[in-house]
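Student: My structure file coords35.txt, compact mmCIF, C-alpha atoms and all ligand atoms, is below:
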# COMPACT_ATOMS: atom_id res chain seq x y z
CA MET A 1 191.71 174.65 86.95
CA HIS A 2 195.42 174.08 87.13
CA ILE A 3 196.19 177.81 86.98
CA HIS A 4 193.38 178.67 89.34
CA ILE A 5 194.77 176.34 92.02
CA ARG A 6 198.27 177.77 91.59
CA LYS A 7 196.86 181.30 91.95
CA THR A 8 195.59 180.47 95.40
CA GLY A 9 199.26 180.41 96.29
CA THR A 10 198.84 177.83 98.98
CA HIS A 11 201.23 174.97 99.40
CA LEU A 12 198.30 172.60 99.31
CA GLY A 13 197.10 173.98 95.98
CA VAL A 14 200.50 173.52 94.35
CA CYS A 15 200.83 170.01 95.75
CA LEU A 16 197.39 169.07 94.49
CA SER A 17 198.05 170.39 91.00
CA VAL A 18 201.34 168.47 90.83
CA LEU A 19 199.58 165.30 91.95
CA ILE A 20 196.82 165.75 89.39
CA CYS A 21 199.36 166.31 86.61
CA LEU A 22 201.33 163.20 87.66
CA PHE A 23 198.14 161.16 87.74
CA LEU A 24 197.15 162.27 84.26
CA ALA A 25 200.64 161.87 82.80
CA VAL A 26 201.44 158.34 84.02
CA PRO A 27 199.59 155.54 82.22
CA ALA A 28 198.45 152.53 84.24
CA ASN A 29 201.33 150.09 84.64
CA ALA A 30 201.20 146.69 83.02
CA ALA A 31 201.55 143.65 85.25
CA ALA A 32 205.23 142.80 85.63
CA VAL A 33 207.43 139.96 86.83
CA ALA A 34 211.16 139.32 87.32
CA LEU A 35 213.00 136.39 85.75
CA THR A 36 216.00 135.40 87.87
CA PHE A 37 218.76 132.93 87.00
CA ASP A 38 220.97 131.47 89.72
CA ASP A 39 224.33 129.68 89.78
CA GLY A 40 225.94 130.99 86.59
CA PRO A 41 227.83 131.77 84.62
CA THR A 42 228.09 128.32 82.98
CA ALA A 43 229.68 127.03 79.80
CA LYS A 44 226.54 125.12 78.84
CA GLN A 45 223.63 127.54 79.26
CA THR A 46 224.57 131.20 79.79
CA ARG A 47 225.13 132.04 76.15
CA ALA A 48 221.83 130.47 75.04
CA ILE A 49 219.87 132.15 77.87
CA VAL A 50 221.38 135.55 77.04
CA GLU A 51 220.54 135.10 73.34
CA ILE A 52 216.89 134.28 74.12
CA LEU A 53 216.55 137.25 76.49
CA GLN A 54 218.13 139.64 73.99
CA LYS A 55 216.08 138.30 71.08
CA GLU A 56 212.87 138.71 73.09
CA ASP A 57 214.11 142.06 74.38
CA VAL A 58 213.34 141.31 78.02
CA LEU A 59 215.15 142.31 81.20
CA ALA A 60 216.36 139.72 83.73
CA THR A 61 218.48 139.28 86.84
CA PHE A 62 221.37 136.83 87.30
CA PHE A 63 222.63 135.81 90.75
CA LEU A 64 226.22 134.79 90.12
CA CYS A 65 228.74 132.57 91.90
CA GLY A 66 232.30 133.85 92.34
CA TYR A 67 234.00 130.54 91.57
CA ARG A 68 232.10 130.21 88.30
CA LEU A 69 232.89 133.81 87.34
CA GLU A 70 236.57 132.96 87.71
CA GLU A 71 236.17 129.82 85.65
CA TYR A 72 234.12 131.45 82.86
CA GLU A 73 235.39 135.00 82.62
CA GLU A 74 234.69 135.21 78.89
CA ILE A 75 231.12 133.95 79.25
CA ALA A 76 230.59 136.36 82.14
CA SER A 77 231.31 139.24 79.80
CA LEU A 78 228.08 138.36 77.93
CA LEU A 79 226.24 139.55 81.03
CA ALA A 80 227.61 143.09 80.71
CA ASP A 81 224.41 144.08 78.84
CA PRO A 82 222.72 146.87 80.85
CA ASP A 83 219.37 145.07 80.41
CA PHE A 84 220.62 142.55 82.96
CA GLU A 85 220.85 143.10 86.69
CA LEU A 86 223.66 141.11 88.29
CA GLY A 87 223.41 140.05 91.92
CA VAL A 88 225.68 138.22 94.34
CA HIS A 89 225.04 134.50 95.01
CA GLY A 90 228.20 133.96 97.09
CA TYR A 91 231.66 132.85 95.99
CA SER A 92 231.56 129.14 96.81
CA HIS A 93 227.80 128.36 96.81
CA GLN A 94 228.07 127.03 100.36
CA PRO A 95 224.91 127.52 102.45
CA MET A 96 225.42 130.97 103.97
CA ASN A 97 223.65 130.07 107.19
CA ASP A 98 226.65 127.83 108.01
CA LEU A 99 229.23 130.59 107.61
CA ASN A 100 230.70 132.98 110.17
CA GLU A 101 230.73 136.73 109.64
CA ASP A 102 234.26 136.95 108.27
CA VAL A 103 233.77 134.17 105.74
CA LEU A 104 230.41 135.60 104.74
CA GLN A 105 231.91 139.04 104.21
CA GLU A 106 234.60 137.52 102.02
CA GLU A 107 231.99 135.50 100.03
CA LEU A 108 230.11 138.72 99.22
CA ASP A 109 233.13 140.93 98.58
CA SER A 110 235.02 138.56 96.31
CA THR A 111 231.93 137.85 94.19
CA ALA A 112 230.96 141.52 93.88
CA LYS A 113 234.52 142.36 92.87
CA LEU A 114 234.53 139.71 90.13
CA ILE A 115 231.14 140.87 88.83
CA THR A 116 232.40 144.43 88.50
CA GLU A 117 235.73 143.37 87.03
CA TYR A 118 234.22 141.12 84.34
CA THR A 119 230.99 142.94 83.49
CA GLY A 120 231.23 146.54 84.71
CA HIS A 121 228.07 146.04 86.80
CA THR A 122 227.93 147.00 90.48
CA PRO A 123 225.74 144.44 92.26
CA THR A 124 223.16 145.86 94.68
CA VAL A 125 221.13 142.71 95.44
CA MET A 126 222.00 139.34 96.97
CA ARG A 127 220.44 135.87 96.93
CA PRO A 128 221.80 133.26 99.34
CA PRO A 129 222.28 129.73 97.94
CA GLY A 130 219.13 127.69 98.55
CA GLY A 131 217.48 130.83 99.92
CA LEU A 132 219.01 129.92 103.30
CA THR A 133 219.38 132.92 105.55
CA ASN A 134 219.72 133.65 109.26
CA ASP A 135 220.52 136.55 111.62
CA THR A 136 224.19 136.62 110.61
CA VAL A 137 223.36 136.72 106.89
CA GLN A 138 220.89 139.53 107.54
CA LYS A 139 223.42 141.45 109.63
CA ILE A 140 226.20 141.22 107.01
CA CYS A 141 223.76 142.10 104.21
CA THR A 142 222.57 145.12 106.20
CA GLN A 143 226.16 146.26 106.70
CA ASN A 144 226.93 145.82 103.01
CA GLY A 145 223.79 147.37 101.59
CA TYR A 146 222.27 144.21 100.09
CA PRO A 147 218.55 143.44 100.16
CA ILE A 148 218.02 139.64 100.26
CA ILE A 149 216.07 138.54 97.18
CA LEU A 150 214.20 135.24 97.46
CA TRP A 151 211.37 134.13 95.13
CA SER A 152 207.65 133.42 94.88
CA VAL A 153 207.59 131.06 91.87
CA ASP A 154 209.81 127.97 91.86
CA PRO A 155 209.10 125.72 88.86
CA GLU A 156 211.74 123.25 90.10
CA ASP A 157 213.95 123.50 87.03
CA TRP A 158 216.73 122.25 89.33
CA ARG A 159 215.05 118.87 89.92
CA PRO A 160 216.50 116.09 87.73
CA GLY A 161 213.86 114.49 85.55
CA ASN A 162 211.68 117.59 85.19
CA THR A 163 211.07 118.46 81.55
CA ALA A 164 211.03 121.87 79.85
CA ASP A 165 207.24 121.52 79.47
CA PHE A 166 206.87 120.87 83.18
CA VAL A 167 208.97 123.95 84.00
CA SER A 168 207.06 126.30 81.71
CA SER A 169 203.63 125.04 82.82
CA ARG A 170 204.62 125.36 86.47
CA VAL A 171 205.49 129.02 85.89
CA LEU A 172 202.41 129.80 83.79
CA GLU A 173 199.89 128.21 86.12
CA GLN A 174 200.91 130.20 89.19
CA ILE A 175 202.18 133.55 87.89
CA ARG A 176 200.83 136.81 89.40
CA ASP A 177 201.73 140.47 89.06
CA GLY A 178 204.91 141.17 91.06
CA ASP A 179 206.25 137.61 91.16
CA ILE A 180 209.94 136.76 91.29
CA ILE A 181 210.59 133.60 89.22
CA LEU A 182 213.43 131.31 90.32
CA LEU A 183 215.31 129.70 87.44
CA HIS A 184 218.84 128.35 87.09
CA ASP A 185 221.62 128.94 84.61
CA LEU A 186 222.50 125.25 84.73
CA ASN A 187 220.31 122.89 82.74
CA ARG A 188 219.06 122.57 79.21
CA ARG A 189 215.42 122.20 80.34
CA THR A 190 215.47 125.77 81.66
CA THR A 191 216.82 127.19 78.41
CA ASP A 192 214.28 125.12 76.45
CA ALA A 193 211.40 126.32 78.64
CA LEU A 194 212.36 129.98 78.45
CA PRO A 195 210.93 131.00 75.03
CA ASP A 196 207.52 129.52 75.96
CA ILE A 197 207.50 131.27 79.33
CA ILE A 198 208.42 134.63 77.82
CA ARG A 199 206.04 134.49 74.84
CA GLU A 200 203.06 133.24 76.84
CA LEU A 201 203.52 135.84 79.59
CA LYS A 202 203.98 138.60 77.02
CA GLN A 203 200.71 137.51 75.44
CA GLN A 204 199.03 137.76 78.83
CA GLY A 205 200.29 141.34 79.04
CA PHE A 206 203.17 140.84 81.50
CA GLU A 207 206.28 142.96 81.32
CA PHE A 208 209.70 141.64 82.35
CA LEU A 209 211.77 143.81 84.69
CA THR A 210 214.92 143.34 86.72
CA VAL A 211 214.40 142.69 90.43
CA SER A 212 215.28 146.27 91.40
CA GLU A 213 213.05 147.74 88.71
CA LEU A 214 210.17 145.47 89.66
CA ALA A 215 210.44 146.63 93.28
CA GLU A 216 210.44 150.24 92.15
CA ARG A 217 207.50 149.68 89.81
CA GLN A 218 205.47 148.15 92.62
CA GLY A 219 206.32 150.97 95.01
CA VAL A 220 208.70 148.99 97.24
CA ALA A 221 211.84 150.71 98.58
CA LEU A 222 214.36 147.88 98.96
CA GLU A 223 216.02 147.79 102.39
CA SER A 224 219.42 146.28 103.15
CA GLY A 225 219.18 143.02 105.09
CA ALA A 226 215.42 142.64 104.50
CA SER A 227 214.11 139.56 102.64
CA TYR A 228 211.78 139.82 99.64
CA TYR A 229 209.76 137.01 98.05
CA ARG A 230 207.68 139.04 95.61
CA PHE A 231 206.57 142.63 95.14
CA SER A 232 202.81 142.67 95.20
CA PRO A 233 201.19 145.65 93.46
CA ASN A 234 201.13 148.81 95.57
CA SER A 235 202.75 146.95 98.46
CA GLY A 236 204.86 150.04 99.17
ZN ZN B 301 222.19 128.53 93.85
Kindly transcribe the structure held in the file into structure tokens.
Tutor:
Amino acid sequence: MHIHIRKTGTHLGVCLSVLICLFLAVPANAAAVALTFDDGPTAKQTRAIVEILQKEDVLATFFLCGYRLEEYEEIASLLADPDFELGVHGYSHQPMNDLNEDVLQEELDSTAKLITEYTGHTPTVMRPPGGLTNDTVQKICTQNGYPIILWSVDPEDWRPGNTADFVSSRVLEQIRDGDIILLHDLNRRTTDALPDIIRELKQQGFEFLTVSELAERQGVALESGASYYRFSPNSG
């Protein structure tokens, strides 16, 4: 059939045969999610988080702060692993919706420069502290080529008093294909919850991808300055 269609010599025939071959060659994708860790690197948690991710062989994304990169250069080098995507979380962790264009530009540039200097990664995604964005943030992100990555699952690992069990159950009870999970590289409860989250989701058949890979998998072309909460299947 393949050859027969090609013999017709029409553009349509060739396109159809290519489509059929692609369809047959690509297996159905597993459900996938993105783990994201904000506010690092930190002396207390980064190393342990990286070890868990590497041991479980899963991909993840870190949104890093410039001032912490400067403070923990050596720890930052642990994030050089190509299985990690590194994004910009601003230099100072001030709410970006309070900043003027010049300050905002400097927040993005200085952090991106430190990421590249310490890890060799070139960041292509941005998450504003607290998820706070406005027209100015969007404008500067558009000019600098950064899509704005927010989240769809927030297990509140940042809230004092929450336990590791609370954090893992909050993730597991609401997870769907294409979700972006907000975690922090800050507190022990997050690190303690992580093995449970990863093993349980693996058992349920979920794959772990970086934010950019998850978007691609789900057929979403990331646009600079646009905000993304999750990448639902076939949303592209
Ligand atoms: Zn933050």
Student: Considering all atoms listed in the file, return as a list in words whatever protein or nucleic-acid residues lie within 6 Å of range 173-188 of chain A, sequence-local ones (same chain, fewer than 6 positions apart) excluded.
Tutor: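 Result of the neighbour search: Ala31, Ala32, Val33, Ala34, Leu35, Thr36, Phe37, Asp38, Asp39, Gly40, Gln45, Trp151, Ser152, Val153, Asp154, Arg230, Phe231 and Ser232 of chain A.
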Student: Of the residues A:Gly225, A:Gly87, A:Pro128, A:Pro41, which is the one nearest to ligand ZN 301 (chain B), using all atoms listed in the file?
Tutor: A:Pro128
Student: With only C-alpha atoms as the counted atoms, please give the residues lying no more than 8 Å from Asn97 in chain A, apart from itself and same-chain residues fewer than 5 positions off, as a list in words.
Tutor: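 So, after excluding close chain neighbours, the residues are Leu132, Thr133, Asn134, Thr136 and Val137 of chain A.
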Student: Applying 10 Å and all atoms listed in the file, which residues near Ser227 in chain A remain after dropping the ones on its own chain fewer than 6 positions away? List them as a list in words.
Tutor: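 Returned residues: Met126, Arg127, Gly131, Thr133, Gln138, Tyr146, Pro147, Ile148, Ile149, Leu150 and Trp151 of chain A.
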Student: Let me have the centre and edge lengths of the axis-aligned box enclosing all listed atoms of range 94-97 of chain A with 5 Å padding on every side, in Å to one decimal, as lines of an AutoDock Vina configuration file.
Tutor:
center_x = 225.9
center_y = 129.0
center_z = 103.8
size_x = 14.4
size_y = 13.9
size_z = 16.8
Student: Enter the distance from CA of Ser224 in chain A to CA of Glu117 in chain A, in Å, rounded to one decimal.
Tutor: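 For CA of Ser224 in chain A relative to CA of Glu117 in chain A, the distance reads 23.1 Å.
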Student: Of the candidates A:Thr46, A:Val211, A:Pro195, A:Val103, which one gets nearest to Tyr229 in chain A if we count all atoms listed in the file?
Tutor: A:Val211
Student: Would you mind putting back N, CA and C atoms on range 34-59 of chain A, then writing it out as a CSV table (one decimal), keeping the file's coordinate frame?
Tutor:
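As a result, out-v5.csv now contains:
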chain,number,residue,atom,x,y,z
A,34,ALA,N,209.7,139.3,87.5
A,34,ALA,CA,211.2,139.3,87.3
A,34,ALA,C,211.6,137.9,87.1
A,35,LEU,N,212.3,137.7,86.0
A,35,LEU,CA,213.0,136.4,85.8
A,35,LEU,C,214.3,136.4,86.5
A,36,THR,N,214.7,135.4,87.2
A,36,THR,CA,216.0,135.4,87.9
A,36,THR,C,216.7,134.1,87.6
A,37,PHE,N,218.0,134.1,87.3
A,37,PHE,CA,218.8,132.9,87.0
A,37,PHE,C,219.9,132.8,88.0
A,38,ASP,N,219.9,131.7,88.7
A,38,ASP,CA,221.0,131.5,89.7
A,38,ASP,C,222.1,130.6,89.2
A,39,ASP,N,223.2,130.7,89.9
A,39,ASP,CA,224.3,129.7,89.8
A,39,ASP,C,225.3,129.8,88.6
A,40,GLY,N,225.0,130.8,87.7
A,40,GLY,CA,225.9,131.0,86.6
A,40,GLY,C,227.1,131.8,87.0
A,41,PRO,N,228.0,132.2,86.0
A,41,PRO,CA,227.8,131.8,84.6
A,41,PRO,C,228.3,130.3,84.4
A,42,THR,N,227.7,129.7,83.3
A,42,THR,CA,228.1,128.3,83.0
A,42,THR,C,228.4,128.2,81.5
A,43,ALA,N,229.3,127.2,81.2
A,43,ALA,CA,229.7,127.0,79.8
A,43,ALA,C,228.5,126.5,79.0
A,44,LYS,N,227.6,125.8,79.6
A,44,LYS,CA,226.5,125.1,78.8
A,44,LYS,C,225.3,126.0,78.5
A,45,GLN,N,224.9,126.9,79.5
A,45,GLN,CA,223.6,127.5,79.3
A,45,GLN,C,223.7,129.1,79.1
A,46,THR,N,224.6,129.7,79.7
A,46,THR,CA,224.6,131.2,79.8
A,46,THR,C,224.4,131.9,78.4
A,47,ARG,N,225.2,131.4,77.5
A,47,ARG,CA,225.1,132.0,76.2
A,47,ARG,C,223.7,131.9,75.5
A,48,ALA,N,223.2,130.7,75.6
A,48,ALA,CA,221.8,130.5,75.0
A,48,ALA,C,220.8,131.3,75.8
A,49,ILE,N,220.9,131.4,77.1
A,49,ILE,CA,219.9,132.2,77.9
A,49,ILE,C,220.0,133.6,77.5
A,50,VAL,N,221.2,134.1,77.4
A,50,VAL,CA,221.4,135.6,77.0
A,50,VAL,C,220.8,135.8,75.6
A,51,GLU,N,221.1,134.9,74.7
A,51,GLU,CA,220.5,135.1,73.3
A,51,GLU,C,219.0,135.2,73.3
A,52,ILE,N,218.4,134.3,74.1
A,52,ILE,CA,216.9,134.3,74.1
A,52,ILE,C,216.4,135.6,74.7
A,53,LEU,N,217.0,136.0,75.8
A,53,LEU,CA,216.6,137.2,76.5
A,53,LEU,C,216.7,138.5,75.6
A,54,GLN,N,217.9,138.5,74.9
A,54,GLN,CA,218.1,139.6,74.0
A,54,GLN,C,217.2,139.6,72.8
A,55,LYS,N,217.0,138.4,72.2
A,55,LYS,CA,216.1,138.3,71.1
A,55,LYS,C,214.7,138.7,71.5
A,56,GLU,N,214.2,138.4,72.6
A,56,GLU,CA,212.9,138.7,73.1
A,56,GLU,C,212.8,140.1,73.7
A,57,ASP,N,214.0,140.7,73.8
A,57,ASP,CA,214.1,142.1,74.4
A,57,ASP,C,213.5,142.2,75.8
A,58,VAL,N,213.8,141.2,76.7
A,58,VAL,CA,213.3,141.3,78.0
A,58,VAL,C,214.5,141.5,79.0
A,59,LEU,N,214.2,142.1,80.1
A,59,LEU,CA,215.2,142.3,81.2
A,59,LEU,C,215.2,141.1,82.1
